[in-house]
Number of protein chains: 2
Amino acid sequence: MATIKDVARHANVSIATVSRVINEPDKVKEPTRKRVEAVMQELSFSRNALAASLVTRRTGCIGLIIPQLSGAFFAPLISAVEHTVRAGGSHLVVSCGNCTQAEVLAALSFLKQRSCDAIIVTPGALEHETLVNLLETHPNILIIHRLVPGYEHRCVVVDNYQGAFMAVSHLIEQGHRRIAAVTGPHNNPESMDRLRGMRDAMTKAGLPLPDNYVFEGIFGPESGLAGAEAFLALSKPPTAVFCFNDQTALGVLDYCKRRQIAVPADMAVMGFDDVEFADLVSPRLTTVHQPIDTIGRTAGTLALRLAKREAMTDDSHVIQPRLALRESVAVISD
Amino acid sequence: MATIKDVARHANVSIATVSRVINEPDKVKEPTRKRVEAVMQELSFSRNALAASLVTRRTGCIGLIIPQLSGAFFAPLISAVEHTVRAGGSHLVVSCGNCTQAEVLAALSFLKQRSCDAIIVTPGALEHETLVNLLETHPNILIIHRLVPGYEHRCVVVDNYQGAFMAVSHLIEQGHRRIAAVTGPHNNPESMDRLRGMRDAMTKAGLPLPDNYVFEGIFGPESGLAGAEAFLALSKPPTAVFCFNDQTALGVLDYCKRRQIAVPADMAVMGFDDVEFADLVSPRLTTVHQPIDTIGRTAGTLALRLAKREAMTDDSHVIQPRLALRESVAVISD
DNA sequence: CTGAAAGCGCTAACAG
DNA sequence: CTGTTAGCGCTTTCAG
C-alpha cells in the first residue's frame, strides 16, 4: 500500500502538498496538482482514513445499535437511516445489540473506540437510568423509540399513545364495544403507552376494559395465538382484538383461520406497525402505520447534525402514526 | 477522553505497561496491573482503536457491500453474516451498494480506506472483468452470489442451475407440460443459470420451451403481473409458471387473484428464494428454498479466515438449494 | 517484568 | 503556493 510519503517522493513534493491535493485541491497550483494526481493514480494510492481520523478526530462514520438486523420492522428502519446518512456524506456502521443490556453496552463501547462521529441507539432492553446516563455522558448519542425527559431533542419517537387511541377509536366507530388487547411486555415503555392510549379511548367512549381483556404478550405470533385462545374461552368474548404489533396480529389471524372464525365478520383484528406483510396476508391487516421511513430519516438527519457538532434545536421529534385501513376490521354485524 | 498517557501518569508507570495490561495482561505483575486497571476505571479510559489499528494494521472490522439493506432476501443474509462475524470477534460494517457499479466501487474504496480486515461483496451490477480485477488485486475480498473461475475458494454461491432444474422437474412430475417462466434481467448471471437449469429439465422430459413462454422481468412483483398477463393472452397459455424469484411470484399470485384464476388448480406458481412471506401469502408459495443462513454463515466464516490471513482451502463453496413444497403447485387437474 | 524510544500515515499550524 | 515540523494515541522492539 502506497502512502502519501511514497506519492510525495515520486512527485517531488512534500507530503503536505499531497495531503492538500487530497483535502483542499484548490489550494494547490494546477500543474503540481496534476502531477501529484498522476502519481497517486500510478501507485494506486489509497488514503489511510484511520491515520487521518486520528488527527482530525472525525471518522465520517455514524454508528447504529439495533436489536435485529433483519425483521420486518428494523430492516426498513436501518435502510432509511443508511440512505440519509450516506446522502450526508457519512457511512453507517451497524451493530446488532440483540436486546440485552450487556450487548448494547458492548456495542456502544466498540463504536466509541472506533470514534464514530455520532451514535444512534435503539434501546431495546436498556433501563431508563442507563439511558439517561448515556445521554448525559455522550453528547453525540441519539435515541430512537424512547422519549427521555430532559433530552427530548436527542430522541426520535412515534406517538404510541396517539396511535393506540386512534386505533381503538376506529374500532369503536365500527360499532365494537367489547375490545380486547394483546399487549407487549409490561416493562416495555412503548407497550405501556399504547395501553394508555387504548384505555383513554375506551373511557372516552364510556366503555369498560376488563382485566381479562388484556393479555400480556411478547410481541410475537405465539402471543397472538395464546391471546386469541384465552379471549375465545371467555364467557363473553370480545368482538375485536387490538394487537400491539403486527406479528401478534398475525398470530391471532392464524388462530382464527384454524378455528374457522371469520375475520373481520366474527372477530375484528387491529395491528400496530404496518410492516411489509400486513398488506400481504389475507385478510389484509388493518393496522396502525408507523412511518418507519420518517423515523429513519429523522434519526439520520439528527445524527448527521450531531456529527458536525451543530447545535441541536430544543424541539422534540415525535412522529405521528396514522391508520392503515384494510380488511381485518369492518363494521360490526350484529 | 483519557489516553494511555493519562493512565500511565496517574498510575506511575510507562505507557508501554498500560498498553500491556490492555493487550497482554499476564505479562504484567499482578500489583502493577491492578493499579493500572483501577486508574483506567477511574478515568473511564476507552482505548482509541483507531490509533491501535494504525500500527497493528488490523481493525477487527469486516466490510459488507450489499445492494439493499432491507428486503426479504438481503436482510436475513446480513443478519447471518453479522452473527458469525461477531461470534468470531469482529464487527460488521455494512455499505449499501445500491447495485450500480460506481456505487459498489465507491463503497469498496471507503471500506478499503477504513482498513477492513476483509470485505464481502455482493456484486449486483458489477461486470465480470471488474470482479476478476478486484479479486486479483485484493487478497482479502470475498464474493457472494457469483462464481468467478480461478477464484472459487473466495466465492460463495448457491447452485442456481440445480435449483431451477429441481423446480421445473417437480412441475413436470405434477403433470405440467406447458411451463412458462418469468426470469430476471438477461444480464443477470443468476437468472441465466436458472434459465439453463429450466431448459435442461424441459429438454430432459422432452418438452419444448417456446420463446413466448419466457418473459424477462426485473425480479419485482410488477414483472409477475406483466408476465402473467402476457401468458394468459396466449392462445395456449401455460398451466404453470416458474418465477425466478418470490417477489415475481407474488405478482403472478396477485394477478391471478384479481382475475379470479385459481391457484394452483388453474395455474401453478413456483417461486425461487423462499423469503419470509412465501409462507405467509395464500395460497402459500411453493418455491426453491435458498439457505440464506448457510450462505451468510459460510461467507462470515470465510471472511474471518481471510481477516486472519489464514490460507484458504481450494474448495469452492457451492450451496445446494432445496424445494419448499407448499400450496401454489399441485398435481394438474385436467 | 518494566521503560525508553521509534514509528504507523496523516493533518495542521507556521514559516518561507 | 509549498515545505518543515510537531504531534494524534497507540504498539513494539530493544535495553535494562
# chains A, B, ... in the order shown; residues from 1 in each chain; ligands from 1
$ interface_residues --of "chain A" --to "chain B" --cutoff "6 Å" --atoms "only C-alpha atoms" --output "VMD selection string"
chain A and resid 47 to 50 69 to 70 75 to 76 79 93 113 to 114 281
$ interface_residues --of "chain A" --to "chain D" --cutoff "12 Å" --atoms "only C-alpha atoms (C1' of nucleotides)" --output "PyMOL selection string"
chain A and resi 8+12-21+25-33+50-58+113
$ select_by_dssp --residues "stretch 15-156 of chain B" --states "strand (DSSP E or B)" --output "list in words"
Cys61, Ile62, Gly63, Leu64, Ile65, Ile66, His91, Leu92, Val93, Val94, Ser95, Cys96, Ala118, Ile119, Ile120, Val121, Ile141, Leu142, Ile143, Ile144, Cys155 and Val156 of chain B
$ interface_residues --of "chain C" --to "chain A" --cutoff "10 Å" --atoms "only C-alpha atoms (C1' of nucleotides)" --output "number ranges by chain"
C: 8-12
$ write_last_selection --atoms "C-alpha atoms (C1' of nucleotides)" --output "JSON list (two decimals), in the first residue's frame"
[["chain", "number", "residue", "atom", "x", "y", "z"],
["C", 8, "DC", "C1'", 2.15, 3.72, 11.98],
["C", 9, "DG", "C1'", 0.14, 7.56, 7.98],
["C", 10, "DC", "C1'", -1.75, 11.55, 8.15],
["C", 11, "DT", "C1'", -3.06, 16.69, 9.24],
["C", 12, "DA", "C1'", -2.24, 21.34, 10.70]]
$ calpha_fit_and_write --fixed "chain B" --moving "chain A" --output "JSON list (two decimals) with C-alpha atoms, in the first residue's frame"
[["chain", "number", "residue", "atom", "x", "y", "z"],
["A", 1, "MET", "CA", -10.93, 11.45, 26.70],
["A", 2, "ALA", "CA", -8.17, 9.94, 28.72],
["A", 3, "THR", "CA", -5.28, 8.34, 26.84],
["A", 4, "ILE", "CA", -2.84, 5.65, 27.88],
["A", 5, "LYS", "CA", -0.46, 8.47, 28.66],
["A", 6, "ASP", "CA", -2.80, 9.82, 31.30],
["A", 7, "VAL", "CA", -3.30, 6.38, 32.72],
["A", 8, "ALA", "CA", 0.44, 5.77, 32.79],
["A", 9, "ARG", "CA", 1.10, 8.99, 34.65],
["A", 10, "HIS", "CA", -1.63, 8.43, 37.23],
["A", 11, "ALA", "CA", -0.54, 4.84, 37.82],
["A", 12, "ASN", "CA", 3.14, 5.66, 37.85],
["A", 13, "VAL", "CA", 4.07, 3.27, 35.10],
["A", 14, "SER", "CA", 5.18, 3.62, 31.51],
["A", 15, "ILE", "CA", 2.73, 3.70, 28.64],
["A", 16, "ALA", "CA", 4.11, 0.35, 27.51],
["A", 17, "THR", "CA", 2.85, -1.21, 30.69],
["A", 18, "VAL", "CA", -0.57, 0.26, 30.19],
["A", 19, "SER", "CA", -0.59, -1.06, 26.67],
["A", 20, "ARG", "CA", 0.31, -4.46, 28.06],
["A", 21, "VAL", "CA", -2.48, -4.59, 30.58],
["A", 22, "ILE", "CA", -4.81, -3.90, 27.68],
["A", 23, "ASN", "CA", -3.40, -6.42, 25.25],
["A", 24, "GLU", "CA", -1.49, -9.07, 27.17],
["A", 25, "PRO", "CA", -2.52, -8.74, 30.81],
["A", 26, "ASP", "CA", -0.72, -11.84, 32.04],
["A", 27, "LYS", "CA", 2.60, -10.34, 31.12],
["A", 28, "VAL", "CA", 2.10, -7.78, 33.86],
["A", 29, "LYS", "CA", 2.61, -8.54, 37.54],
["A", 30, "GLU", "CA", -0.62, -8.69, 39.47],
["A", 31, "PRO", "CA", -0.23, -5.61, 41.71],
["A", 32, "THR", "CA", 0.87, -3.37, 38.86],
["A", 33, "ARG", "CA", -1.96, -4.62, 36.73],
["A", 34, "LYS", "CA", -4.53, -4.04, 39.44],
["A", 35, "ARG", "CA", -3.27, -0.52, 39.94],
["A", 36, "VAL", "CA", -3.40, 0.27, 36.26],
["A", 37, "GLU", "CA", -6.84, -1.23, 35.93],
["A", 38, "ALA", "CA", -8.06, 0.87, 38.81],
["A", 39, "VAL", "CA", -6.76, 4.03, 37.21],
["A", 40, "MET", "CA", -8.30, 3.11, 33.86],
["A", 41, "GLN", "CA", -11.62, 2.67, 35.59],
["A", 42, "GLU", "CA", -11.26, 5.90, 37.45],
["A", 43, "LEU", "CA", -10.44, 7.95, 34.38],
["A", 44, "SER", "CA", -13.02, 5.95, 32.42],
["A", 45, "PHE", "CA", -10.33, 5.29, 29.90],
["A", 46, "SER", "CA", -11.40, 4.02, 26.52],
["A", 47, "ARG", "CA", -8.71, 2.83, 24.19],
["A", 48, "ASN", "CA", -8.50, 4.61, 20.86],
["A", 49, "ALA", "CA", -8.81, 1.71, 18.46],
["A", 50, "LEU", "CA", -7.89, 3.95, 15.55],
["A", 51, "ALA", "CA", -4.42, 4.55, 16.89],
["A", 52, "ALA", "CA", -3.97, 0.90, 17.66],
["A", 53, "SER", "CA", -5.08, -0.16, 14.20],
["A", 54, "LEU", "CA", -2.70, 2.29, 12.66],
["A", 55, "VAL", "CA", 0.18, 0.27, 13.97],
["A", 56, "THR", "CA", -1.21, -3.26, 14.11],
["A", 57, "ARG", "CA", -2.75, -2.93, 10.67],
["A", 58, "ARG", "CA", -5.81, -4.77, 11.81],
["A", 59, "THR", "CA", -9.11, -3.13, 12.63],
["A", 60, "GLY", "CA", -11.32, -6.01, 13.67],
["A", 61, "CYS", "CA", -13.79, -4.77, 11.10],
["A", 62, "ILE", "CA", -15.24, -6.75, 8.25],
["A", 63, "GLY", "CA", -16.97, -4.84, 5.51],
["A", 64, "LEU", "CA", -20.07, -5.89, 3.68],
["A", 65, "ILE", "CA", -21.25, -4.30, 0.47],
["A", 66, "ILE", "CA", -24.81, -5.10, -0.37],
["A", 67, "PRO", "CA", -27.41, -3.70, -2.78],
["A", 68, "GLN", "CA", -30.09, -3.17, -0.15],
["A", 69, "LEU", "CA", -30.23, -3.20, 3.60],
["A", 70, "SER", "CA", -33.84, -4.11, 3.94],
["A", 71, "GLY", "CA", -35.70, -6.53, 1.78],
["A", 72, "ALA", "CA", -36.82, -10.04, 2.42],
["A", 73, "PHE", "CA", -33.73, -11.52, 0.89],
["A", 74, "PHE", "CA", -30.85, -9.32, 1.97],
["A", 75, "ALA", "CA", -31.80, -8.49, 5.53],
["A", 76, "PRO", "CA", -31.59, -12.09, 6.74],
["A", 77, "LEU", "CA", -28.34, -12.47, 4.84],
["A", 78, "ILE", "CA", -26.80, -9.49, 6.57],
["A", 79, "SER", "CA", -28.04, -10.79, 9.84],
["A", 80, "ALA", "CA", -26.41, -14.17, 9.35],
["A", 81, "VAL", "CA", -23.14, -12.57, 8.34],
["A", 82, "GLU", "CA", -23.20, -10.23, 11.30],
["A", 83, "HIS", "CA", -23.76, -13.03, 13.75],
["A", 84, "THR", "CA", -20.90, -15.21, 12.55],
["A", 85, "VAL", "CA", -18.57, -12.30, 12.19],
["A", 86, "ARG", "CA", -19.30, -11.12, 15.66],
["A", 87, "ALA", "CA", -18.99, -14.60, 17.10],
["A", 88, "GLY", "CA", -15.50, -14.51, 15.59],
["A", 89, "GLY", "CA", -14.68, -11.33, 17.50],
["A", 90, "SER", "CA", -14.95, -8.92, 14.59],
["A", 91, "HIS", "CA", -17.48, -6.27, 13.73],
["A", 92, "LEU", "CA", -19.46, -5.66, 10.62],
["A", 93, "VAL", "CA", -19.46, -2.43, 8.69],
["A", 94, "VAL", "CA", -22.20, -2.43, 6.10],
["A", 95, "SER", "CA", -22.38, -0.29, 3.08],
["A", 96, "CYS", "CA", -25.32, -0.14, 0.81],
["A", 97, "GLY", "CA", -24.09, -0.46, -2.75],
["A", 98, "ASN", "CA", -27.44, 0.25, -4.36],
["A", 99, "CYS", "CA", -26.50, -1.86, -7.31],
["A", 100, "THR", "CA", -24.71, 0.56, -9.60],
["A", 101, "GLN", "CA", -21.13, -0.19, -10.38],
["A", 102, "ALA", "CA", -20.00, 3.27, -9.35],
["A", 103, "GLU", "CA", -21.62, 3.02, -5.97],
["A", 104, "VAL", "CA", -20.18, -0.37, -5.27],
["A", 105, "LEU", "CA", -16.72, 0.88, -6.12],
["A", 106, "ALA", "CA", -17.20, 3.94, -3.94],
["A", 107, "ALA", "CA", -18.28, 1.76, -1.04],
["A", 108, "LEU", "CA", -15.31, -0.46, -1.62],
["A", 109, "SER", "CA", -12.95, 2.45, -1.58],
["A", 110, "PHE", "CA", -14.43, 3.63, 1.67],
["A", 111, "LEU", "CA", -14.05, 0.26, 3.31],
["A", 112, "LYS", "CA", -10.51, -0.03, 2.01],
["A", 113, "GLN", "CA", -9.51, 3.34, 3.40],
["A", 114, "ARG", "CA", -11.01, 2.24, 6.66],
["A", 115, "SER", "CA", -8.70, -0.76, 6.51],
["A", 116, "CYS", "CA", -11.32, -3.45, 6.91],
["A", 117, "ASP", "CA", -9.61, -6.76, 7.54],
["A", 118, "ALA", "CA", -11.80, -8.38, 4.91],
["A", 119, "ILE", "CA", -14.56, -7.29, 2.61],
["A", 120, "ILE", "CA", -17.58, -9.23, 1.41],
["A", 121, "VAL", "CA", -19.06, -8.03, -1.85],
["A", 122, "THR", "CA", -22.46, -8.83, -3.27],
["A", 123, "PRO", "CA", -21.71, -7.77, -6.79],
["A", 124, "GLY", "CA", -25.08, -6.48, -7.95],
["A", 125, "ALA", "CA", -24.36, -4.79, -11.23],
["A", 126, "LEU", "CA", -20.61, -5.31, -11.20],
["A", 127, "GLU", "CA", -19.22, -6.47, -14.49],
["A", 128, "HIS", "CA", -17.33, -9.68, -14.65],
["A", 129, "GLU", "CA", -14.05, -8.01, -15.53],
["A", 130, "THR", "CA", -14.27, -5.59, -12.66],
["A", 131, "LEU", "CA", -14.88, -8.51, -10.38],
["A", 132, "VAL", "CA", -11.87, -10.43, -11.61],
["A", 133, "ASN", "CA", -9.79, -7.34, -11.24],
["A", 134, "LEU", "CA", -11.01, -6.82, -7.69],
["A", 135, "LEU", "CA", -10.27, -10.38, -6.67],
["A", 136, "GLU", "CA", -6.85, -10.16, -8.21],
["A", 137, "THR", "CA", -5.79, -6.91, -6.60],
["A", 138, "HIS", "CA", -7.43, -7.45, -3.23],
["A", 139, "PRO", "CA", -6.51, -10.69, -1.53],
["A", 140, "ASN", "CA", -8.98, -10.04, 1.27],
["A", 141, "ILE", "CA", -12.07, -9.68, -0.85],
["A", 142, "LEU", "CA", -14.82, -12.25, -0.99],
["A", 143, "ILE", "CA", -17.75, -12.54, -3.38],
["A", 144, "ILE", "CA", -21.28, -13.68, -2.68],
["A", 145, "HIS", "CA", -23.56, -14.85, -5.47],
["A", 146, "ARG", "CA", -21.15, -15.08, -8.32],
["A", 147, "LEU", "CA", -18.73, -17.82, -9.12],
["A", 148, "VAL", "CA", -15.60, -16.33, -10.63],
["A", 149, "PRO", "CA", -13.47, -18.95, -12.37],
["A", 150, "GLY", "CA", -10.03, -19.15, -10.86],
["A", 151, "TYR", "CA", -11.21, -17.67, -7.57],
["A", 152, "GLU", "CA", -13.75, -20.30, -6.53],
["A", 153, "HIS", "CA", -12.36, -20.48, -3.00],
["A", 154, "ARG", "CA", -13.30, -16.84, -2.45],
["A", 155, "CYS", "CA", -16.82, -17.11, -3.80],
["A", 156, "VAL", "CA", -19.91, -18.37, -2.10],
["A", 157, "VAL", "CA", -22.88, -19.11, -4.29],
["A", 158, "VAL", "CA", -25.98, -21.20, -4.35],
["A", 159, "ASP", "CA", -26.49, -23.65, -7.15],
["A", 160, "ASN", "CA", -29.03, -21.78, -9.22],
["A", 161, "TYR", "CA", -28.87, -24.25, -12.05],
["A", 162, "GLN", "CA", -29.69, -27.14, -9.78],
["A", 163, "GLY", "CA", -32.43, -25.21, -7.98],
["A", 164, "ALA", "CA", -34.21, -24.40, -11.21],
["A", 165, "PHE", "CA", -33.73, -27.93, -12.46],
["A", 166, "MET", "CA", -35.35, -29.32, -9.35],
["A", 167, "ALA", "CA", -38.19, -26.82, -9.46],
["A", 168, "VAL", "CA", -39.10, -27.54, -13.05],
["A", 169, "SER", "CA", -38.68, -31.28, -12.58],
["A", 170, "HIS", "CA", -41.14, -31.07, -9.74],
["A", 171, "LEU", "CA", -43.62, -29.20, -11.90],
["A", 172, "ILE", "CA", -43.25, -31.90, -14.56],
["A", 173, "GLU", "CA", -43.76, -34.62, -11.99],
["A", 174, "GLN", "CA", -47.00, -32.95, -11.03],
["A", 175, "GLY", "CA", -48.16, -33.48, -14.57],
["A", 176, "HIS", "CA", -47.43, -30.08, -16.09],
["A", 177, "ARG", "CA", -46.28, -30.06, -19.67],
["A", 178, "ARG", "CA", -46.78, -26.40, -20.58],
["A", 179, "ILE", "CA", -44.49, -24.52, -18.25],
["A", 180, "ALA", "CA", -43.56, -20.87, -18.65],
["A", 181, "ALA", "CA", -41.01, -18.69, -16.88],
["A", 182, "VAL", "CA", -40.73, -15.12, -15.73],
["A", 183, "THR", "CA", -36.98, -14.63, -15.57],
["A", 184, "GLY", "CA", -34.73, -11.92, -14.24],
["A", 185, "PRO", "CA", -32.79, -9.48, -16.42],
["A", 186, "HIS", "CA", -30.93, -11.20, -19.26],
["A", 187, "ASN", "CA", -27.61, -9.83, -18.06],
["A", 188, "ASN", "CA", -28.09, -11.30, -14.62],
["A", 189, "PRO", "CA", -25.88, -14.36, -14.28],
["A", 190, "GLU", "CA", -28.06, -15.96, -11.64],
["A", 191, "SER", "CA", -31.12, -15.64, -13.81],
["A", 192, "MET", "CA", -29.21, -17.16, -16.71],
["A", 193, "ASP", "CA", -28.16, -20.13, -14.60],
["A", 194, "ARG", "CA", -31.74, -20.70, -13.57],
["A", 195, "LEU", "CA", -32.86, -20.54, -17.16],
["A", 196, "ARG", "CA", -30.30, -23.16, -18.13],
["A", 197, "GLY", "CA", -31.51, -25.38, -15.31],
["A", 198, "MET", "CA", -35.06, -24.99, -16.51],
["A", 199, "ARG", "CA", -34.17, -25.68, -20.14],
["A", 200, "ASP", "CA", -32.32, -28.85, -19.23],
["A", 201, "ALA", "CA", -35.16, -30.12, -17.09],
["A", 202, "MET", "CA", -37.61, -29.54, -19.91],
["A", 203, "THR", "CA", -35.35, -31.13, -22.49],
["A", 204, "LYS", "CA", -34.75, -34.11, -20.28],
["A", 205, "ALA", "CA", -38.50, -34.66, -20.11],
["A", 206, "GLY", "CA", -38.80, -34.16, -23.84],
["A", 207, "LEU", "CA", -40.83, -31.01, -23.41],
["A", 208, "PRO", "CA", -40.52, -27.82, -25.46],
["A", 209, "LEU", "CA", -39.89, -24.35, -24.04],
["A", 210, "PRO", "CA", -41.19, -21.98, -26.70],
["A", 211, "ASP", "CA", -39.85, -18.43, -26.77],
["A", 212, "ASN", "CA", -43.19, -16.91, -25.87],
["A", 213, "TYR", "CA", -43.13, -18.98, -22.68],
["A", 214, "VAL", "CA", -40.11, -17.05, -21.48],
["A", 215, "PHE", "CA", -40.86, -13.58, -20.20],
["A", 216, "GLU", "CA", -37.97, -11.39, -19.11],
["A", 217, "GLY", "CA", -38.63, -9.50, -15.90],
["A", 218, "ILE", "CA", -36.66, -7.50, -13.36],
["A", 219, "PHE", "CA", -37.22, -9.58, -10.25],
["A", 220, "GLY", "CA", -40.15, -7.47, -9.03],
["A", 221, "PRO", "CA", -43.90, -8.05, -8.59],
["A", 222, "GLU", "CA", -44.63, -5.90, -11.64],
["A", 223, "SER", "CA", -42.76, -8.42, -13.74],
["A", 224, "GLY", "CA", -45.00, -11.17, -12.44],
["A", 225, "LEU", "CA", -48.07, -9.14, -13.28],
["A", 226, "ALA", "CA", -46.88, -8.41, -16.80],
["A", 227, "GLY", "CA", -45.70, -11.95, -17.37],
["A", 228, "ALA", "CA", -48.94, -13.51, -16.22],
["A", 229, "GLU", "CA", -50.89, -11.18, -18.44],
["A", 230, "ALA", "CA", -48.76, -12.06, -21.45],
["A", 231, "PHE", "CA", -49.03, -15.79, -20.84],
["A", 232, "LEU", "CA", -52.78, -15.76, -20.36],
["A", 233, "ALA", "CA", -53.21, -13.91, -23.63],
["A", 234, "LEU", "CA", -51.58, -16.78, -25.48],
["A", 235, "SER", "CA", -53.73, -19.17, -27.48],
["A", 236, "LYS", "CA", -52.27, -22.03, -25.49],
["A", 237, "PRO", "CA", -51.48, -20.61, -22.07],
["A", 238, "PRO", "CA", -49.15, -22.50, -19.74],
["A", 239, "THR", "CA", -50.55, -24.47, -16.83],
["A", 240, "ALA", "CA", -47.62, -23.54, -14.61],
["A", 241, "VAL", "CA", -45.32, -20.59, -14.32],
["A", 242, "PHE", "CA", -41.90, -20.70, -12.77],
["A", 243, "CYS", "CA", -40.94, -17.31, -11.36],
["A", 244, "PHE", "CA", -37.26, -16.66, -10.96],
["A", 245, "ASN", "CA", -37.79, -15.05, -7.59],
["A", 246, "ASP", "CA", -40.54, -14.84, -5.00],
["A", 247, "GLN", "CA", -41.31, -11.19, -5.58],
["A", 248, "THR", "CA", -42.15, -12.04, -9.15],
["A", 249, "ALA", "CA", -44.30, -14.95, -8.00],
["A", 250, "LEU", "CA", -46.13, -12.53, -5.77],
["A", 251, "GLY", "CA", -47.03, -10.52, -8.84],
["A", 252, "VAL", "CA", -48.34, -13.59, -10.62],
["A", 253, "LEU", "CA", -50.38, -14.57, -7.58],
["A", 254, "ASP", "CA", -51.78, -11.09, -7.43],
["A", 255, "TYR", "CA", -52.75, -11.16, -11.10],
["A", 256, "CYS", "CA", -54.47, -14.52, -10.68],
["A", 257, "LYS", "CA", -56.36, -13.30, -7.65],
["A", 258, "ARG", "CA", -57.69, -10.29, -9.53],
["A", 259, "ARG", "CA", -58.66, -12.32, -12.56],
["A", 260, "GLN", "CA", -60.19, -15.04, -10.44],
["A", 261, "ILE", "CA", -57.80, -17.65, -11.72],
["A", 262, "ALA", "CA", -57.49, -20.38, -9.13],
["A", 263, "VAL", "CA", -54.00, -21.18, -7.91],
["A", 264, "PRO", "CA", -52.95, -23.98, -8.03],
["A", 265, "ALA", "CA", -55.98, -25.53, -9.73],
["A", 266, "ASP", "CA", -55.92, -23.45, -12.91],
["A", 267, "MET", "CA", -52.39, -22.18, -12.68],
["A", 268, "ALA", "CA", -49.48, -23.51, -10.70],
["A", 269, "VAL", "CA", -46.96, -20.96, -9.43],
["A", 270, "MET", "CA", -43.41, -21.79, -8.43],
["A", 271, "GLY", "CA", -41.11, -19.21, -6.86],
["A", 272, "PHE", "CA", -37.43, -18.97, -6.09],
["A", 273, "ASP", "CA", -35.76, -17.76, -2.85],
["A", 274, "ASP", "CA", -38.22, -18.69, -0.14],
["A", 275, "VAL", "CA", -38.26, -15.34, 1.55],
["A", 276, "GLU", "CA", -40.21, -14.81, 4.74],
["A", 277, "PHE", "CA", -43.51, -13.90, 3.12],
["A", 278, "ALA", "CA", -43.55, -16.99, 0.89],
["A", 279, "ASP", "CA", -45.11, -18.83, 3.77],
["A", 280, "LEU", "CA", -47.47, -15.97, 4.56],
["A", 281, "VAL", "CA", -49.32, -15.33, 1.35],
["A", 282, "SER", "CA", -52.27, -17.40, 0.31],
["A", 283, "PRO", "CA", -52.01, -19.79, -1.29],
["A", 284, "ARG", "CA", -48.71, -20.38, 0.45],
["A", 285, "LEU", "CA", -45.98, -20.28, -2.16],
["A", 286, "THR", "CA", -44.18, -23.40, -3.32],
["A", 287, "THR", "CA", -40.68, -22.25, -4.04],
["A", 288, "VAL", "CA", -37.00, -23.03, -4.18],
["A", 289, "HIS", "CA", -35.52, -22.49, -0.76],
["A", 290, "GLN", "CA", -32.24, -20.63, -0.72],
["A", 291, "PRO", "CA", -30.46, -21.37, 2.54],
["A", 292, "ILE", "CA", -29.77, -17.71, 3.21],
["A", 293, "ASP", "CA", -28.50, -18.49, 6.65],
["A", 294, "THR", "CA", -25.95, -20.96, 5.35],
["A", 295, "ILE", "CA", -24.79, -18.49, 2.74],
["A", 296, "GLY", "CA", -24.34, -15.82, 5.37],
["A", 297, "ARG", "CA", -22.55, -18.10, 7.77],
["A", 298, "THR", "CA", -20.25, -19.43, 5.10],
["A", 299, "ALA", "CA", -19.39, -15.96, 3.92],
["A", 300, "GLY", "CA", -18.83, -14.77, 7.48],
["A", 301, "THR", "CA", -16.56, -17.67, 8.30],
["A", 302, "LEU", "CA", -14.56, -17.18, 5.13],
["A", 303, "ALA", "CA", -14.22, -13.47, 5.81],
["A", 304, "LEU", "CA", -12.96, -14.18, 9.29],
["A", 305, "ARG", "CA", -10.37, -16.50, 7.84],
["A", 306, "LEU", "CA", -9.30, -13.96, 5.23],
["A", 307, "ALA", "CA", -9.04, -11.38, 7.99],
["A", 308, "LYS", "CA", -6.62, -13.59, 9.84],
["A", 309, "ARG", "CA", -4.71, -14.04, 6.60],
["A", 310, "GLU", "CA", -5.19, -17.75, 6.96],
["A", 311, "ALA", "CA", -4.60, -19.82, 3.90],
["A", 312, "MET", "CA", -7.78, -20.55, 2.01],
["A", 313, "THR", "CA", -8.60, -24.04, 0.98],
["A", 314, "ASP", "CA", -9.17, -24.50, -2.70],
["A", 315, "ASP", "CA", -12.67, -25.86, -2.48],
["A", 316, "SER", "CA", -15.48, -23.85, -3.89],
["A", 317, "HIS", "CA", -18.44, -22.97, -1.74],
["A", 318, "VAL", "CA", -21.50, -23.96, -3.69],
["A", 319, "ILE", "CA", -24.56, -24.25, -1.53],
["A", 320, "GLN", "CA", -27.41, -26.51, -2.55],
["A", 321, "PRO", "CA", -30.96, -25.17, -2.53],
["A", 322, "ARG", "CA", -33.95, -27.38, -1.84],
["A", 323, "LEU", "CA", -37.62, -27.34, -2.68],
["A", 324, "ALA", "CA", -40.12, -25.86, -0.24],
["A", 325, "LEU", "CA", -43.32, -27.61, -1.15],
["A", 326, "ARG", "CA", -46.43, -25.67, -0.19],
["A", 327, "GLU", "CA", -49.76, -24.79, -1.73],
["A", 328, "SER", "CA", -49.24, -22.96, -4.99],
["A", 329, "VAL", "CA", -48.35, -26.08, -6.96],
["A", 330, "ALA", "CA", -50.46, -29.21, -7.12],
["A", 331, "VAL", "CA", -50.98, -32.22, -9.33],
["A", 332, "ILE", "CA", -52.51, -31.02, -12.56],
["A", 333, "SER", "CA", -56.22, -31.59, -12.68],
["A", 334, "ASP", "CA", -57.17, -32.06, -16.32]]
$ decode --residues "chain C" --atoms "C-alpha atoms (C1' of nucleotides)" --output "PDB file, in the first residue's frame"
ATOM      1  C1'  DC C   1       8.786  -7.554  34.458  1.00  0.00           C
ATOM      2  C1'  DT C   2       9.170  -2.611  33.063  1.00  0.00           C
ATOM      3  C1'  DG C   3      10.710   1.641  30.490  1.00  0.00           C
ATOM      4  C1'  DA C   4      12.531   4.456  26.539  1.00  0.00           C
ATOM      5  C1'  DA C   5      12.023   5.480  22.049  1.00  0.00           C
ATOM      6  C1'  DA C   6      10.821   4.876  17.367  1.00  0.00           C
ATOM      7  C1'  DG C   7       7.369   4.958  14.434  1.00  0.00           C
ATOM      8  C1'  DC C   8       2.151   3.722  11.979  1.00  0.00           C
ATOM      9  C1'  DG C   9       0.140   7.559   7.983  1.00  0.00           C
ATOM     10  C1'  DC C  10      -1.748  11.550   8.155  1.00  0.00           C
ATOM     11  C1'  DT C  11      -3.059  16.689   9.238  1.00  0.00           C
ATOM     12  C1'  DA C  12      -2.243  21.343  10.704  1.00  0.00           C
ATOM     13  C1'  DA C  13      -0.025  25.216  12.162  1.00  0.00           C
ATOM     14  C1'  DC C  14       3.774  28.010  10.980  1.00  0.00           C
ATOM     15  C1'  DA C  15       7.314  29.721   8.123  1.00  0.00           C
ATOM     16  C1'  DG C  16       9.105  30.854   3.905  1.00  0.00           C
TER      17       DG C  16
END
